[in-house]
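Asks: Next up, structure.cif (mmCIF, C-alpha atoms).
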```
data_protein
#
loop_
_atom_site.label_atom_id
_atom_site.label_comp_id
_atom_site.auth_asym_id
_atom_site.auth_seq_id
_atom_site.Cartn_x
_atom_site.Cartn_y
_atom_site.Cartn_z
CA MET A 4 3.05 13.95 11.62
CA CYS A 5 5.21 14.58 14.65
CA LEU A 6 4.66 11.05 15.84
CA ALA A 7 7.87 9.37 16.92
CA VAL A 8 8.30 5.89 18.33
CA PRO A 9 10.65 4.88 21.14
CA MET A 10 12.70 1.91 19.89
CA LYS A 11 15.66 -0.05 21.24
CA VAL A 12 18.95 0.18 19.36
CA VAL A 13 20.11 -3.33 18.44
CA SER A 14 23.10 -2.50 16.24
CA ILE A 15 25.10 0.50 15.07
CA ASP A 16 27.14 0.82 11.90
CA ASP A 17 28.75 4.26 11.71
CA GLU A 18 25.86 6.76 11.53
CA LEU A 19 23.20 4.13 10.92
CA ALA A 20 21.44 2.21 13.69
CA ILE A 21 19.00 -0.65 13.54
CA ALA A 22 16.30 -0.18 16.15
CA GLU A 23 13.56 -2.56 17.20
CA ILE A 24 10.20 -2.53 18.93
CA ASP A 25 7.75 -5.44 19.22
CA GLY A 26 9.75 -7.38 16.63
CA VAL A 27 9.62 -4.55 14.06
CA LYS A 28 13.05 -3.39 12.94
CA ARG A 29 13.84 -0.04 11.36
CA GLU A 30 16.92 1.70 10.10
CA ALA A 31 17.54 5.03 11.80
CA SER A 32 20.10 7.69 11.04
CA LEU A 33 22.09 8.83 14.07
CA MET A 34 23.00 12.13 12.38
CA MET A 35 21.23 14.07 15.14
CA LEU A 36 22.55 12.11 18.11
CA GLY A 37 25.94 10.68 17.16
CA ASP A 38 28.31 9.23 19.70
CA GLU A 39 26.03 9.42 22.70
CA VAL A 40 23.98 6.41 21.52
CA GLU A 41 25.01 2.83 22.35
CA VAL A 42 23.48 -0.54 21.58
CA GLY A 43 20.73 -1.19 24.14
CA ASP A 44 19.68 2.47 24.43
CA TYR A 45 16.12 3.54 23.69
CA VAL A 46 15.81 6.32 21.13
CA LEU A 47 12.86 8.22 19.66
CA ILE A 48 12.61 7.50 15.94
CA HIS A 49 10.94 10.00 13.62
CA ALA A 50 10.94 9.68 9.82
CA GLY A 51 14.04 7.49 9.78
CA PHE A 52 16.07 9.59 12.23
CA ALA A 53 16.78 9.10 15.92
CA ILE A 54 15.87 12.49 17.42
CA SER A 55 16.27 11.96 21.17
CA LYS A 56 17.66 9.41 23.57
CA LEU A 57 15.55 8.12 26.45
CA ASP A 58 16.67 9.40 29.85
CA GLU A 59 15.78 6.36 31.97
CA ALA A 60 16.29 8.12 35.28
CA GLU A 61 13.85 10.86 34.24
CA ALA A 62 11.36 8.27 32.98
CA LEU A 63 11.44 6.44 36.32
CA GLN A 64 11.04 9.70 38.22
CA THR A 65 8.02 10.71 36.11
CA LEU A 66 6.39 7.34 36.78
CA GLU A 67 7.10 7.68 40.48
CA LEU A 68 5.39 11.10 40.53
CA MET A 69 2.44 9.66 38.64
CA ARG A 70 2.13 6.78 41.11
CA GLU A 71 2.26 9.22 44.03
CA CYS A 72 -0.70 11.02 42.53
CA LEU A 73 -2.41 7.64 42.24
CA ALA A 74 -1.84 7.00 45.95
CA GLN A 75 -3.24 10.43 46.88
CA GLY A 76 -6.17 10.31 44.48
CA GLU A 77 -9.65 9.26 45.37
CA GLU A 78 -10.83 5.81 44.45
CA PRO A 79 -11.49 5.75 40.71
CA SER A 80 -15.22 5.81 40.15
CA MET B 23 14.36 -1.67 33.17
CA ILE B 24 11.53 0.70 32.46
CA ASP B 25 8.21 -0.39 31.02
CA LEU B 26 7.05 2.41 28.74
CA ALA B 27 3.56 0.85 28.62
CA GLU B 28 3.11 2.15 32.18
CA PHE B 29 2.40 5.56 30.64
CA ARG B 30 -0.85 4.05 29.39
CA ASN B 31 -1.78 2.58 32.77
CA LYS B 32 -5.49 3.17 33.40
CA GLY B 33 -5.11 3.40 37.17
CA ILE B 34 -2.46 6.10 36.83
CA VAL B 35 -4.62 8.08 34.38
CA GLU B 36 -7.59 7.87 36.76
CA GLY B 37 -5.39 8.85 39.71
CA LEU B 38 -4.21 11.94 37.84
CA ALA B 39 -7.81 12.78 36.91
CA ALA B 40 -8.77 12.56 40.60
CA GLY B 41 -5.86 14.87 41.43
CA ILE B 42 -7.08 17.43 38.88
CA LYS B 43 -10.61 17.28 40.33
CA LYS B 44 -9.23 17.95 43.82
CA LEU B 45 -7.20 20.91 42.58
CA THR B 46 -10.19 22.52 40.87
CA ALA B 47 -12.79 21.72 43.55
CA GLY B 48 -14.79 24.81 44.51
CA ARG B 49 -13.33 26.94 41.71
CA THR B 50 -15.74 28.59 39.34
CA GLU B 51 -13.54 30.01 36.58
CA THR B 52 -12.88 28.02 33.43
CA MET B 53 -9.29 27.17 32.54
CA THR B 54 -8.74 26.83 28.80
CA PHE B 55 -5.68 24.88 27.79
CA MET B 56 -4.65 24.53 24.18
CA GLU B 57 -2.99 21.34 23.06
CA VAL B 58 -0.91 22.74 20.25
CA CYS B 59 -0.03 19.45 18.61
CA GLY B 60 -2.29 17.25 16.50
CA THR B 61 -0.86 14.10 18.05
CA HIS B 62 -2.06 15.34 21.45
CA THR B 63 -5.48 15.96 19.92
CA MET B 64 -5.58 12.37 18.69
CA SER B 65 -4.49 11.01 22.07
CA ILE B 66 -7.12 13.09 23.91
CA TYR B 67 -9.88 11.77 21.64
CA GLN B 68 -8.58 8.22 21.43
CA TYR B 69 -8.39 7.74 25.20
CA GLY B 70 -11.49 9.82 25.97
CA LEU B 71 -9.48 12.09 28.25
CA ARG B 72 -11.93 15.01 28.10
CA SER B 73 -14.54 12.87 29.85
CA LEU B 74 -12.17 12.50 32.82
CA LEU B 75 -11.72 16.24 33.32
CA PRO B 76 -13.87 18.45 35.56
CA PRO B 77 -16.08 21.07 33.84
CA GLN B 78 -13.71 23.89 34.85
CA VAL B 79 -10.96 22.44 32.62
CA ARG B 80 -11.45 22.91 28.89
CA LEU B 81 -9.08 21.56 26.26
CA ILE B 82 -9.01 23.15 22.82
CA SER B 83 -7.05 21.99 19.80
CA GLY B 84 -4.48 24.25 18.19
CA PRO B 85 -2.77 24.62 14.84
CA GLY B 86 -0.29 21.78 15.36
CA CYS B 87 -1.22 19.59 12.42
CA PRO B 88 1.29 20.43 9.68
CA VAL B 89 -0.87 19.17 6.84
CA CYS B 90 -3.86 21.17 8.12
CA VAL B 91 -2.04 24.51 8.31
CA THR B 92 -0.35 24.11 4.93
CA PRO B 93 -2.02 26.57 2.54
CA ILE B 94 -3.87 25.27 -0.45
CA GLY B 95 -1.40 27.05 -2.78
CA TYR B 96 1.34 24.70 -1.57
CA VAL B 97 -0.75 21.66 -2.49
CA ASP B 98 -1.37 23.23 -5.92
CA HIS B 99 2.39 23.73 -6.32
CA ALA B 100 3.00 20.04 -5.51
CA LEU B 101 0.24 19.03 -7.94
CA ALA B 102 1.94 21.07 -10.67
CA TYR B 103 5.16 19.09 -10.10
CA ALA B 104 3.22 15.81 -10.16
CA ARG B 105 2.01 16.74 -13.68
CA LEU B 106 5.53 17.35 -15.01
CA PRO B 107 7.13 14.61 -17.12
CA GLU B 108 10.13 12.69 -15.76
CA THR B 109 9.33 13.86 -12.25
CA ILE B 110 8.73 11.82 -9.12
CA VAL B 111 6.90 13.51 -6.25
CA ALA B 112 7.86 11.86 -2.96
CA THR B 113 5.84 12.60 0.16
CA PHE B 114 4.80 11.48 3.60
CA GLY B 115 1.51 9.62 3.34
CA ASP B 116 -0.76 12.22 4.88
CA MET B 117 -0.32 14.72 2.01
CA LEU B 118 -1.76 12.31 -0.58
CA ARG B 119 -5.43 13.08 -0.03
CA VAL B 120 -5.23 16.77 0.85
CA PRO B 121 -7.40 18.64 -1.64
CA GLY B 122 -5.72 21.28 -3.74
CA SER B 123 -7.81 23.80 -5.65
CA GLY B 124 -8.87 21.24 -8.23
CA SER B 125 -7.27 17.87 -7.49
CA THR B 126 -5.27 15.74 -5.03
CA LEU B 127 -1.96 13.93 -5.36
CA LEU B 128 -3.91 10.68 -5.13
CA ALA B 129 -6.09 11.67 -8.09
CA GLU B 130 -3.02 12.73 -10.08
CA ARG B 131 -1.42 9.37 -9.34
CA ALA B 132 -4.54 7.62 -10.61
CA ARG B 133 -4.08 9.63 -13.81
CA GLY B 134 -0.54 8.34 -14.19
CA ALA B 135 1.60 10.78 -12.19
CA ASP B 136 4.54 9.27 -10.36
CA VAL B 137 3.71 10.05 -6.72
CA ARG B 138 5.39 7.93 -4.07
CA VAL B 139 4.87 7.69 -0.34
CA VAL B 140 8.07 7.40 1.66
CA TYR B 141 8.69 6.72 5.34
CA SER B 142 11.80 8.87 5.55
CA PRO B 143 13.20 11.72 3.44
CA LEU B 144 16.29 9.53 3.11
CA ASP B 145 14.12 7.11 1.10
CA ALA B 146 13.45 10.00 -1.29
CA VAL B 147 17.20 10.64 -1.60
CA ASN B 148 17.64 6.94 -2.45
CA LEU B 149 14.91 7.29 -5.09
CA ALA B 150 16.88 10.13 -6.68
CA ALA B 151 20.03 8.00 -6.71
CA LYS B 152 18.12 5.13 -8.29
CA HIS B 153 16.52 7.28 -11.00
CA PRO B 154 19.25 9.62 -12.21
CA GLY B 155 17.21 10.55 -15.31
CA LYS B 156 14.31 11.88 -13.24
CA LYS B 157 13.80 14.75 -10.86
CA VAL B 158 12.67 13.74 -7.37
CA VAL B 159 10.71 16.44 -5.53
CA PHE B 160 10.17 15.75 -1.84
CA LEU B 161 7.33 17.59 -0.12
CA GLY B 162 8.96 19.15 2.92
CA VAL B 163 6.03 19.73 5.24
CA GLY B 164 6.26 19.63 9.01
CA PHE B 165 7.33 21.40 12.17
CA GLU B 166 10.65 21.38 14.00
CA THR B 167 10.41 17.62 14.57
CA THR B 168 10.41 16.89 10.86
CA ALA B 169 12.38 19.83 9.43
CA PRO B 170 15.78 18.53 10.68
CA THR B 171 15.16 15.19 8.93
CA ILE B 172 14.61 17.11 5.66
CA ALA B 173 17.74 19.18 6.35
CA GLY B 174 19.59 15.90 6.93
CA SER B 175 18.33 14.51 3.62
CA ILE B 176 19.57 17.61 1.76
CA LYS B 177 22.99 17.24 3.35
CA VAL B 178 23.12 13.56 2.42
CA ALA B 179 22.08 14.38 -1.16
CA ALA B 180 24.80 17.06 -1.29
CA SER B 181 27.43 14.67 0.02
CA ARG B 182 26.41 12.13 -2.62
CA ALA B 183 26.58 14.90 -5.27
CA LEU B 184 23.00 14.19 -6.40
CA LYS B 185 21.71 16.82 -8.80
CA ASN B 186 18.16 15.48 -9.08
CA TYR B 187 16.93 15.69 -5.48
CA PHE B 188 14.78 18.71 -4.60
CA VAL B 189 12.65 19.79 -1.67
CA LEU B 190 9.51 21.92 -1.87
CA ALA B 191 9.87 23.33 1.62
CA ALA B 192 6.95 24.67 3.66
CA HIS B 193 8.24 24.05 7.15
CA LYS B 194 6.79 25.90 10.05
CA THR B 195 7.96 26.67 13.54
CA ILE B 196 5.70 26.47 16.56
CA PRO B 197 6.52 29.08 19.23
CA VAL B 198 5.69 32.19 17.13
CA PRO B 199 2.08 31.22 16.31
CA MET B 200 1.63 30.26 19.97
CA GLN B 201 2.49 33.86 20.81
CA VAL B 202 -0.08 35.08 18.27
CA LEU B 203 -2.79 32.80 19.70
CA SER B 204 -2.25 33.66 23.35
CA ALA B 205 -2.32 37.35 22.45
CA ASP B 206 -5.85 36.84 21.03
CA PRO B 207 -8.30 37.87 23.77
CA ALA B 208 -11.11 35.87 22.15
CA LEU B 209 -9.33 32.61 22.91
CA LYS B 210 -8.53 33.24 26.59
CA ILE B 211 -5.77 30.64 26.69
CA SER B 212 -4.78 29.81 30.29
CA GLY B 213 -1.91 27.52 29.36
CA TYR B 214 -0.27 25.45 26.67
CA LEU B 215 0.26 21.74 26.49
CA CYS B 216 3.37 22.04 24.34
CA PRO B 217 4.14 19.50 21.61
CA ALA B 218 6.21 16.52 22.74
CA HIS B 219 8.55 15.92 19.88
CA VAL B 220 8.90 19.47 18.63
CA SER B 221 10.09 20.19 22.17
CA ALA B 222 12.60 17.33 21.99
CA ILE B 223 14.24 19.31 19.18
CA ILE B 224 13.82 22.96 20.21
CA GLY B 225 14.06 22.43 23.98
CA ALA B 226 11.78 23.75 26.72
CA ASN B 227 13.68 27.04 26.91
CA ALA B 228 12.01 28.00 23.63
CA TYR B 229 8.73 28.62 25.52
CA ARG B 230 10.18 30.79 28.28
CA PHE B 231 9.22 34.02 26.53
CA LEU B 232 5.57 32.89 26.49
CA ALA B 233 5.54 32.08 30.20
CA GLN B 234 7.46 35.20 31.18
CA MET B 235 6.21 37.86 28.76
CA GLN B 236 2.64 36.69 28.18
CA GLY B 237 2.02 34.99 31.51
CA VAL B 238 0.98 31.71 29.91
CA PRO B 239 2.08 28.50 31.66
CA CYS B 240 3.73 26.04 29.26
CA VAL B 241 4.21 22.31 29.78
CA PRO B 242 5.83 20.13 27.10
CA ALA B 243 4.03 16.83 27.58
CA GLY B 244 4.27 13.34 26.10
CA PHE B 245 1.60 11.74 23.94
CA GLU B 246 0.64 8.78 26.13
CA PRO B 247 -2.59 9.26 28.11
CA ALA B 248 -0.83 9.46 31.49
CA ASP B 249 1.56 12.04 30.02
CA VAL B 250 -1.32 14.20 28.79
CA MET B 251 -3.16 13.97 32.12
CA GLN B 252 -0.04 14.78 34.09
CA GLY B 253 0.66 17.70 31.74
CA VAL B 254 -2.87 19.03 32.35
CA GLU B 255 -2.43 18.50 36.10
CA MET B 256 0.78 20.56 36.03
CA LEU B 257 -0.98 23.35 34.10
CA VAL B 258 -3.96 23.35 36.49
CA ARG B 259 -1.59 23.50 39.45
CA GLN B 260 0.21 26.51 37.97
CA VAL B 261 -3.08 28.35 37.39
CA VAL B 262 -4.33 27.52 40.91
CA GLU B 263 -1.05 28.69 42.45
CA GLY B 264 -0.91 31.81 40.26
CA ARG B 265 2.34 30.79 38.57
CA SER B 266 3.36 31.09 34.94
CA GLU B 267 6.38 28.94 34.22
CA VAL B 268 7.74 26.38 31.81
CA GLU B 269 7.71 22.92 33.39
CA ILE B 270 8.72 19.77 31.54
CA GLN B 271 6.39 16.79 31.92
CA TYR B 272 8.05 14.78 29.11
CA SER B 273 11.45 14.90 30.77
CA ARG B 274 12.39 11.44 29.55
CA PHE B 275 12.88 12.85 26.06
CA VAL B 276 12.77 16.67 26.42
CA THR B 277 15.58 18.79 27.87
CA TRP B 278 15.80 22.53 28.44
CA GLU B 279 18.23 23.10 25.58
CA GLY B 280 16.81 20.50 23.16
CA ASN B 281 18.73 18.61 20.50
CA LEU B 282 21.65 20.88 19.61
CA LYS B 283 22.76 18.79 16.63
CA ALA B 284 19.27 19.00 15.13
CA GLN B 285 19.15 22.75 15.76
CA ALA B 286 22.54 23.11 14.03
CA LEU B 287 21.18 21.18 11.03
CA LEU B 288 18.21 23.55 10.82
CA GLU B 289 20.48 26.59 10.97
CA GLU B 290 22.83 25.21 8.34
CA VAL B 291 20.15 24.41 5.77
CA PHE B 292 17.22 26.75 6.45
CA VAL B 293 16.59 30.43 7.10
CA PRO B 294 13.52 31.83 8.89
CA THR B 295 10.88 33.35 6.65
CA ASP B 296 7.39 34.86 6.83
CA THR B 297 4.93 32.14 5.99
CA PRO B 298 1.16 31.75 5.56
CA TRP B 299 -0.74 29.48 7.96
CA ARG B 300 -4.18 28.29 7.01
CA GLY B 301 -6.54 29.99 9.43
CA LEU B 302 -3.93 32.27 10.95
CA GLY B 303 -2.66 34.20 7.92
CA VAL B 304 0.94 35.19 7.33
CA ILE B 305 3.03 35.10 10.50
CA PRO B 306 6.46 36.78 10.36
CA ASP B 307 9.47 34.49 10.86
CA SER B 308 7.32 31.42 11.47
CA GLY B 309 8.52 29.40 8.49
CA LEU B 310 11.74 27.85 7.25
CA GLU B 311 12.98 28.11 3.69
CA ILE B 312 16.11 26.65 2.16
CA GLY B 313 19.02 29.08 2.49
CA GLU B 314 21.54 30.23 -0.14
CA ARG B 315 24.06 27.48 0.56
CA TYR B 316 21.66 24.70 -0.44
CA ALA B 317 19.56 26.71 -2.91
CA ALA B 318 20.27 24.15 -5.66
CA PHE B 319 18.03 21.72 -3.74
CA ASP B 320 15.13 24.17 -3.45
CA ALA B 321 12.43 22.94 -5.85
CA ALA B 322 10.65 26.32 -5.80
CA LYS B 323 13.80 27.99 -7.18
CA ALA B 324 15.29 25.18 -9.28
CA ILE B 325 12.12 23.90 -11.00
CA PRO B 326 9.88 26.76 -12.09
CA VAL B 327 6.34 25.65 -12.78
CA LYS B 328 3.01 27.32 -13.42
CA VAL B 329 0.73 26.94 -10.41
CA GLU B 330 -3.03 27.48 -10.69
CA GLU B 331 -4.62 30.20 -8.61
CA ALA B 332 -5.59 28.89 -5.20
CA ARG B 333 -9.28 28.50 -4.45
CA GLU B 334 -10.37 27.70 -0.90
CA PRO B 335 -13.16 25.13 -0.65
CA GLN B 336 -16.54 26.81 -0.15
CA GLY B 337 -18.05 26.58 3.31
CA CYS B 338 -14.96 24.98 4.88
CA ARG B 339 -14.21 26.41 8.34
CA CYS B 340 -10.85 24.69 8.89
CA GLY B 341 -9.32 28.07 9.67
CA GLU B 342 -11.52 28.64 12.71
CA VAL B 343 -11.10 25.03 13.86
CA LEU B 344 -7.31 25.49 13.73
CA LYS B 345 -7.51 28.55 15.96
CA GLY B 346 -9.69 26.74 18.48
CA ILE B 347 -12.55 29.22 17.85
CA ILE B 348 -15.06 26.57 16.82
CA ALA B 349 -15.27 22.83 17.45
CA PRO B 350 -15.24 20.57 14.37
CA SER B 351 -18.94 19.80 14.77
CA ASP B 352 -19.76 23.54 14.53
CA CYS B 353 -18.75 23.48 10.86
CA PRO B 354 -21.82 22.95 8.64
CA LEU B 355 -19.86 20.58 6.38
CA PHE B 356 -18.70 18.31 9.23
CA GLY B 357 -19.88 14.75 8.79
CA THR B 358 -22.12 15.64 5.86
CA ARG B 359 -20.25 17.04 2.87
CA CYS B 360 -16.90 16.57 4.60
CA THR B 361 -15.93 13.11 5.83
CA PRO B 362 -12.63 11.19 5.96
CA GLU B 363 -13.71 9.31 2.81
CA ALA B 364 -14.43 12.53 0.91
CA PRO B 365 -12.70 15.36 2.78
CA VAL B 366 -13.27 18.98 1.85
CA GLY B 367 -10.79 20.54 4.26
CA ALA B 368 -7.35 19.47 5.39
CA CYS B 369 -8.46 19.08 9.03
CA MET B 370 -10.55 16.08 7.93
CA VAL B 371 -7.73 14.53 5.89
CA SER B 372 -4.79 14.26 8.19
CA SER B 373 -4.88 11.47 10.75
CA GLU B 374 -4.07 14.11 13.34
CA GLY B 375 -6.52 16.75 12.14
CA SER B 376 -9.09 17.87 14.70
CA CYS B 377 -12.01 17.11 12.39
CA ALA B 378 -10.70 13.62 11.56
CA ALA B 379 -10.23 12.92 15.27
CA ALA B 380 -13.70 14.24 16.15
CA TYR B 381 -15.26 12.20 13.34
CA LYS B 382 -13.46 8.99 14.23
CA TYR B 383 -13.96 9.06 17.98
CA GLY B 384 -17.17 11.08 18.30
CA ILE B 385 -17.41 14.42 20.05
#
```
Write the structure described by the file as C-alpha cells, please.
Replies:
Amino acid sequence: MCLAVPMKVVSIDDELAIAEIDGVKREASLMMLGDEVEVGDYVLIHAGFAISKLDEAEALQTLELMRECLAQGEEPS
Amino acid sequence: MIDLAEFRNKGIVEGLAAGIKKLTAGRTETMTFMEVCGTHTMSIYQYGLRSLLPPQVRLISGPGCPVCVTPIGYVDHALAYARLPETIVATFGDMLRVPGSGSTLLAERARGADVRVVYSPLDAVNLAAKHPGKKVVFLGVGFETTAPTIAGSIKVAASRALKNYFVLAAHKTIPVPMQVLSADPALKISGYLCPAHVSAIIGANAYRFLAQMQGVPCVPAGFEPADVMQGVEMLVRQVVEGRSEVEIQYSRFVTWEGNLKAQALLEEVFVPTDTPWRGLGVIPDSGLEIGERYAAFDAAKAIPVKVEEAREPQGCRCGEVLKGIIAPSDCPLFGTRCTPEAPVGACMVSSEGSCAAAYKYGI
C-alpha cells in the first residue's frame, strides 16, 4: 500500500501537478510539497499526492557507492 | 540526468551481495533483520534476494502491510456501511477481498452494495461532490505514507463545504510497534530495514530512539533490489562493527526530518490513539484517529451503525506471520485452504502480504 512511483512533473497549475512516467500521466496534489517543486523535477507520487522530491545529488552519490561496491566485489558467480 | 533503472541493475545487486558475503565471512552468529514494510517483502521475493544472501543473514517480514494488520472488526464495520442505503463505500483496491467475519466488500458489491475502488482519496471527495444525496465513506487504512493523503482529502472536503464525505479511519504508525517487536526476546532482531516511503514522511530521526535506546541498527531503504541489498549491507556492516545507528540508504527521497508539511497535516487532522494490530494486540499510541476539529468527517462518530461481533477465521496464523515468528508455509492453511483466489487471512489477500508473496514467488 505504501508503494509510490517516481514521476516527472510536466506541468503545474496552482497546487495540482501533472506528472508522467513511461507515457502514463497522473494528476498529483502538491499540498505536501508546495513551492519547492518545479516543472522537470522528479517527485514520488502516492495515492494522488506528491510526497517527496527526488534529490538528484543524493541519488547519484548512492549509485556511486553501489558501483564502488561492485568494483570491490568478487566476480559474480 | 539520473537513470533510476540503475537501482535494478543486476551487476550492482550481485556486487552488493558479494560485499555482504565478504563482511560475514568466518562469522558464525546469525543476524536477523526485519523488513518492516510489505513492499520490501514483495521486492525481496520478486527479485529472489534471499538466495543471494549468506546463511548468516536472515530476513524476516514484519507487520508493515496495512491491510494485514487491520483487525477483522474494522472490515466488519466497513461491511456494515456497505449495507446501508444511499451510501457509497470508497476504498483502495486491496481492501476489497479482505474477509470480514462473514463477508467481503467484493461479495457485498455483488449483492448490490455501492463499493468503489479509487486511486486517491481525492477521487472519493469528488464522488461525494458528484453525489450530494449520498454519503461517501472512505476506508482510511494505511501507515504514515497514506495517512497524510487522507488528512489532505478531509481538508479539501472541508474547504469545499462537503457534508457527505466521511472517513472510517484506522491509520497506524510504524515506530511504536517496531519498539514492541525489538523488545521481544523471541525474535532476536539484529536490525531493521525501515520502510522507504513511511520514512519519506516521518524522517529518519523517528528511528533514533530504537538505535539509541534499544541498540537496534535502523536503515531506511528504498524498494528497488539494489536499494534493499545496500540497506542489508549497511545493517550487516553496523553489526560487524558493533554499531547501532540510524543510516539512510534511501537518501534520494528520505531526509532526517522528513516531510514537514505532511507531518503538519497529520497533526492538524489526527490525534494519536491506542489501536489494535492483528497479531500484536493493542499498542498504545500507535494509531491515528480523527481529532475534534474534523470530527464531522469521522464516519465512526457521524454514522452510527450496528457491527456484527468479530470472528477470527479458524486455523489462520496471520498473527504469527506478522510478527515474524513463523514463515507463511508453516501455517497449515497455506496453499491449501488459503490461497490468493480464496484467501482465509488478510496476509494472503493483500498484494504485499507475506503469504501472498510467498505463494506467488515460492518460498
Asks: Which residues are near Thr168 in chain B? Cut-off 9 Å, only C-alpha atoms, ignore same chain within fewer than 4 positions. Put them as a list in words.
Replies: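 Surrounding residues, per the criterion: Met4, Cys5, His49 and Ala50 of chain A; Gly162, Val163, Gly164, Ile172, Ala173, His193 and Val220 of chain B.
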Asks: Tell me the residues of chain B close to chain A, meaning within 6 Å using all atoms listed in the file, as a CSV table (one decimal) with C-alpha atoms, in the frame of the given file.
Replies:
```csv
chain,number,residue,atom,x,y,z
B,34,ILE,CA,-2.5,6.1,36.8
B,36,GLU,CA,-7.6,7.9,36.8
B,37,GLY,CA,-5.4,8.8,39.7
B,38,LEU,CA,-4.2,11.9,37.8
B,40,ALA,CA,-8.8,12.6,40.6
B,41,GLY,CA,-5.9,14.9,41.4
B,141,TYR,CA,8.7,6.7,5.3
B,142,SER,CA,11.8,8.9,5.6
B,273,SER,CA,11.4,14.9,30.8
B,274,ARG,CA,12.4,11.4,29.6
B,275,PHE,CA,12.9,12.8,26.1
B,283,LYS,CA,22.8,18.8,16.6
B,284,ALA,CA,19.3,19.0,15.1
```
Asks: Can you translate the PyMOL selection byres ((chain B and resi 317) around 12) into the concrete residues it hits in this file, as a list in words?
Replies: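 Residues picked by the PyMOL selection byres ((chain B and resi 317) around 12): Ile176, Lys177, Ala180, Lys185, Tyr187, Phe188, Val189, Leu190, Ala191, Glu290, Val291, Phe292, Val293, Glu311, Ile312, Gly313, Glu314, Arg315, Tyr316, Ala318, Phe319, Asp320, Ala321, Ala322, Lys323, Ala324 and Ile325 of chain B.
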Asks: Determine the nearest neighbour of Ile348 in chain B from the options B:Ala104, B:Val254, B:Cys377, B:Ala286, counting only C-alpha atoms.
Replies: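 Counting only C-alpha atoms, the residue closest to Ile348 in chain B is B:Cys377.
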Asks: I would like the residues chosen by the PyMOL selection byres ((chain B and resi 146) around 9) on the shown file; could you give them as a list in words?
Replies: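 Applying the PyMOL selection byres ((chain B and resi 146) around 9) to the structure shown produces Val111, Ala112, Thr113, Arg138, Val139, Val140, Tyr141, Ser142, Pro143, Leu144, Asp145, Val147, Asn148, Leu149, Ala150, Ala151, Val158, Val159, Phe160, Ser175 and Tyr187 of chain B.
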Asks: Restricting the calculation to only C-alpha atoms: of B:Arg259, B:His99, B:His219, B:Arg333, which residue gets closest to Gly124 in chain B?
Replies: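 Checking each of B:Arg259, B:His99, B:His219, B:Arg333 against Gly124 in chain B, counting only C-alpha atoms, the winner is B:Arg333.
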Asks: Measure the distance from CA of Val12 in chain A to CA of Pro170 in chain B in Å and round it to one decimal.
Replies: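 Interatomic distance here is 20.5 Å.
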Asks: Might you spell out which residues the PyMOL selection byres ((chain B and resi 366) around 12) would select in the displayed file, as a PyMOL selection string?
Replies: chain B and resi 90+94+119-126+334-340+353-365+367-372+377-378
Asks: Name all residues at most 12 Å from Pro207 in chain B (count all atoms listed in the file; drop same-chain ones fewer than 5 positions away) and give them as an NGL selection string.
Replies: :B and (201-202 or 212 or 236 or 347)
Asks: Excluding range 57-71 of chain B and any residue of its chain fewer than 5 positions from it, enumerate the residues within 7 Å of it, using all atoms listed in the file, and give them as an NGL selection string.
Replies: (:A and (5-6)) or (:B and (81-87 or 214-217 or 245-247 or 374-376 or 379 or 383))
Asks: From the set B:Pro294, B:Cys240, B:Phe29, B:Ile223, which residue has the shortest atom-to-atom contact distance to Asp307 in chain B, counting only C-alpha atoms?
Replies: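 That would be B:Pro294, the residue with the smallest distance to Asp307 in chain B.
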Asks: Using all atoms listed in the file for the distances, tell me which of B:Leu101, B:Gly346, B:Phe165, B:Leu118 is nearest to Ser373 in chain B.
Replies: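 Residue with the minimum atom-to-atom distance to Ser373 in chain B: B:Leu118.
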Asks: Could you pull range 50-61 of chain A out of the structure just shown and give N, CA and C atoms as a tab-separated table (two decimals), in the first residue's frame?
Replies:
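Result saved to selection17.tsv:
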```
chain	number	residue	atom	x	y	z
A	50	ALA	N	-0.89	7.73	-4.01
A	50	ALA	CA	-2.34	7.96	-3.87
A	50	ALA	C	-2.76	9.37	-4.27
A	51	GLY	N	-2.18	9.84	-5.37
A	51	GLY	CA	-2.61	11.14	-5.91
A	51	GLY	C	-1.94	12.35	-5.27
A	52	PHE	N	-0.95	12.12	-4.44
A	52	PHE	CA	-0.21	13.21	-3.80
A	52	PHE	C	1.29	13.05	-4.06
A	53	ALA	N	1.97	14.17	-4.32
A	53	ALA	CA	3.43	14.13	-4.37
A	53	ALA	C	3.92	14.21	-2.92
A	54	ILE	N	4.70	13.20	-2.49
A	54	ILE	CA	5.08	13.16	-1.07
A	54	ILE	C	6.55	13.50	-0.84
A	55	SER	N	7.38	13.44	-1.89
A	55	SER	CA	8.79	13.78	-1.70
A	55	SER	C	9.39	14.12	-3.06
A	56	LYS	N	10.37	15.00	-3.01
A	56	LYS	CA	11.03	15.40	-4.26
A	56	LYS	C	12.38	14.69	-4.34
A	57	LEU	N	12.71	14.21	-5.54
A	57	LEU	CA	13.98	13.50	-5.73
A	57	LEU	C	15.15	14.44	-5.51
A	58	ASP	N	16.09	14.02	-4.68
A	58	ASP	CA	17.34	14.74	-4.51
A	58	ASP	C	18.36	14.09	-5.45
A	59	GLU	N	18.57	14.72	-6.61
A	59	GLU	CA	19.41	14.09	-7.65
A	59	GLU	C	20.83	13.88	-7.19
A	60	ALA	N	21.36	14.83	-6.43
A	60	ALA	CA	22.75	14.70	-5.97
A	60	ALA	C	22.89	13.47	-5.07
A	61	GLU	N	21.90	13.27	-4.19
A	61	GLU	CA	21.92	12.09	-3.30
A	61	GLU	C	21.79	10.80	-4.12
```
